[in-house]
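Data first, discussion second: the structure below is written as structure tokens.
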Amino acid sequence: AALLHKLHDHFSTKGEDGGLTGNGGELTTFSNMASESGGRIGMAQWMRLMTKYLRLESEAQANVHVCIPTTPAQYFHLLRRQMNRSFDKPLVVFAPKFLLHHRLARSDLSDFTTGTHFFRVIDDGAPGDNTRHLGLHPVTQEQYNLPPTSIRRVVLCSGQIYYALNRVRRQKKSRDVVLVRLEQVAPFPHDLLTDVVERYPNAEVVWCQEEPKNMGCWSYVQPRYAAACIARGWEHRQKIRYVGRATQASTATASLAIHLEEMKRIVEQALAPDR
């Protein structure tokens, strides 16, 4: 098994440079960020794979693409993009099991038709947002979110935590918070992400994740977001605040009750009013 892992790592991330051959393979790994009790296994392996592939990714060569799609349409278009590209790059997809049965993790048929594609970044209410139908009042057709200049916080996230944030945001009627999904983590979409942040000139930017701080995407996203802001002359906006679990040795707690309490704290902290 160890030898197979080494062979896979070599050909998926180093084949083009070291072996002078392209690799258009795709690897999908499913897991849950949840309590390790109750028979849930594989989270440690999932986190190890994510950390490894983000560490092995070279932006200069774009040698591997790491994506975390949050809708059926996004997964469909991601695989379609992989098949129809004119060049070969390995694709690694991290797909939370929770989204396989979550009732809100669905897409309209129109999101699969002509003119649609994979979105590396999904802004609130923009094309690709499978909850955009909730952005308008069913009777008055008034926008749920306040105007962009009145938005106080942009919460960047990736994966299944988006649905927890969206649910609590609507319960609390937090109309001055927008949720932006990073669907392609690597290569980092510098231009697209800064284009979205630019729409909210008065907003604080927060990165929210349910993984511990020393795991997940935080250590990959933070320096690249700062570099993207500096490249656009936004030295004053390069700071991004972290919201999530503290640094831990384990991927998840052994207690489901503690896990749920931690999740509640993370979501509430991400949406909390400014002090």
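Labels used: A, B, ... for chains in the order of the structure tokens, numbers from 1 for residues in each chain, and numbers from 1 for ligands as shown.
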
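Taking only stretch 170-271 of chain A, the residues that DSSP calls strand (DSSP E or B) from the backbone come to Val177, Val178, Leu179, Val180, Arg181, Leu182, Gln184, Val185, Ala186, Glu204, Val205, Val206, Trp207, Cys208, Gln209, Glu210, Glu211, Pro212, Arg241, Tyr242, Val243, Gly244 and Arg245 of chain A.
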
**Report entry** Spatial neighbours of A:Arg152, 7 Å, only C-alpha atoms, chain gap at least 5 places, as a ChimeraX atom specification
**Finding:** /A:176-177,202-204

Requested in this report: Would you list the contacts of A:Pro72 as an MDAnalysis selection string, taking every protein, DNA or RNA residue within 7 Å and counting only C-alpha atoms, but skipping same-chain residues closer than 2 positions in sequence?
Outcome: chainID A and resid 74:76 106:107

Saved selection, atoms kept: all heavy atoms, as an mmCIF file, in the first residue's frame:
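Now in again18.cif:
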data_model
loop_
_atom_site.group_PDB
_atom_site.id
_atom_site.type_symbol
_atom_site.label_atom_id
_atom_site.label_comp_id
_atom_site.auth_asym_id
_atom_site.auth_seq_id
_atom_site.Cartn_x
_atom_site.Cartn_y
_atom_site.Cartn_z
ATOM 1 N N GLN A 74 -21.829 21.646 -9.925
ATOM 2 C CA GLN A 74 -20.399 21.945 -9.875
ATOM 3 C C GLN A 74 -19.567 20.682 -10.088
ATOM 4 O O GLN A 74 -18.562 20.691 -10.805
ATOM 5 C CB GLN A 74 -20.043 22.588 -8.537
ATOM 6 C CG GLN A 74 -20.407 24.061 -8.425
ATOM 7 C CD GLN A 74 -19.458 24.951 -9.215
ATOM 8 O OE1 GLN A 74 -19.677 25.250 -10.381
ATOM 9 N NE2 GLN A 74 -18.382 25.361 -8.584
ATOM 10 N N TYR A 75 -19.975 19.581 -9.462
ATOM 11 C CA TYR A 75 -19.251 18.307 -9.630
ATOM 12 C C TYR A 75 -19.351 17.827 -11.076
ATOM 13 O O TYR A 75 -18.369 17.382 -11.674
ATOM 14 C CB TYR A 75 -19.820 17.268 -8.665
ATOM 15 C CG TYR A 75 -19.006 16.000 -8.562
ATOM 16 C CD1 TYR A 75 -17.623 16.042 -8.661
ATOM 17 C CD2 TYR A 75 -19.611 14.774 -8.347
ATOM 18 C CE1 TYR A 75 -16.863 14.887 -8.555
ATOM 19 C CE2 TYR A 75 -18.865 13.614 -8.244
ATOM 20 C CZ TYR A 75 -17.488 13.669 -8.349
ATOM 21 O OH TYR A 75 -16.740 12.526 -8.259
ATOM 22 N N PHE A 76 -20.530 17.949 -11.667
ATOM 23 C CA PHE A 76 -20.746 17.571 -13.062
ATOM 24 C C PHE A 76 -19.839 18.378 -13.993
ATOM 25 O O PHE A 76 -19.138 17.819 -14.845
ATOM 26 C CB PHE A 76 -22.221 17.783 -13.424
ATOM 27 C CG PHE A 76 -22.517 17.703 -14.893
ATOM 28 C CD1 PHE A 76 -22.598 16.482 -15.541
ATOM 29 C CD2 PHE A 76 -22.714 18.869 -15.634
ATOM 30 C CE1 PHE A 76 -22.868 16.410 -16.899
ATOM 31 C CE2 PHE A 76 -22.986 18.807 -16.990
ATOM 32 C CZ PHE A 76 -23.061 17.570 -17.627
ATOM 33 N N ARG A 106 -28.470 20.660 -3.797
ATOM 34 C CA ARG A 106 -29.039 20.241 -5.079
ATOM 35 C C ARG A 106 -28.936 21.398 -6.067
ATOM 36 O O ARG A 106 -28.726 22.547 -5.665
ATOM 37 C CB ARG A 106 -30.491 19.815 -4.917
ATOM 38 C CG ARG A 106 -31.421 20.901 -4.392
ATOM 39 C CD ARG A 106 -32.845 20.380 -4.253
ATOM 40 N NE ARG A 106 -33.788 21.425 -3.910
ATOM 41 C CZ ARG A 106 -34.170 21.714 -2.672
ATOM 42 N NH1 ARG A 106 -33.675 21.014 -1.664
ATOM 43 N NH2 ARG A 106 -35.035 22.684 -2.433
ATOM 44 N N SER A 107 -29.085 21.074 -7.348
ATOM 45 C CA SER A 107 -28.958 22.078 -8.399
ATOM 46 C C SER A 107 -30.166 22.033 -9.317
ATOM 47 O O SER A 107 -30.730 20.954 -9.562
ATOM 48 C CB SER A 107 -27.684 21.843 -9.220
ATOM 49 O OG SER A 107 -26.531 21.914 -8.420
#

Query - Shell around stretch 153-170 of chain A at 6 Å using only C-alpha atoms, local window under 5 positions removed, as a PyMOL selection string - result: chain A and resi 68+70+177-182+203-208+267

Requested in this report: Figure out the distance between atom CA of A:Pro201 and atom CA of A:Gln238, please, to one decimal in Å.
Outcome: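 Atom-to-atom, atom CA of A:Gln238 to atom CA of A:Pro201, that is 12.7 Å.
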
Report summary line: Shortest contact to A:Val64, candidates A:Lys89, A:His190, A:His77, A:Arg245, atoms counted only C-alpha atoms, goes to A:Lys89

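Shortest atom-to-atom contact with A:Met83 among A:Gly25, A:Thr71, A:Arg175, A:Gln209: A:Gly25, counting only C-alpha atoms.
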
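Residues in contact with A:Tyr220 at 10 Å, where only C-alpha atoms are counted and same-chain residues fewer than 2 positions away are skipped, are listed as Thr51, Leu54, Arg55, Val185, Ala186, Phe188, Met215, Gly216, Cys217, Trp218, Gln222, Pro223, Arg224 and Tyr225 of chain A.
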
Requested in this report: Identify, with DSSP run on backbone atoms, the residues in stretch 97-269 of chain A assigned to alpha helix (DSSP H), and express the list as an MDAnalysis selection string.
Outcome: chainID A and resid 161:171 190:198 218:231 256:269

Requested in this report: Between atom CA of A:Phe118 and atom CA of A:Leu193, measure the distance and give it in Å to one decimal.
Outcome: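 Those two atoms sit 14.8 Å apart.
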
**Report entry** Who sits within 12 Å of A:Asp191, only C-alpha atoms, same chain under 2 positions skipped, as a VMD selection string
**Finding:** chain A and resid 120 to 121 187 to 189 193 to 198 224 to 225 227 to 232

Report task. Between A:Arg81, A:Arg199, A:His65, A:His101, single out the one closest to A:Asp124, counting only C-alpha atoms. Result ->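 Checking each candidate against A:Asp124, we get A:Arg199 as the closest.
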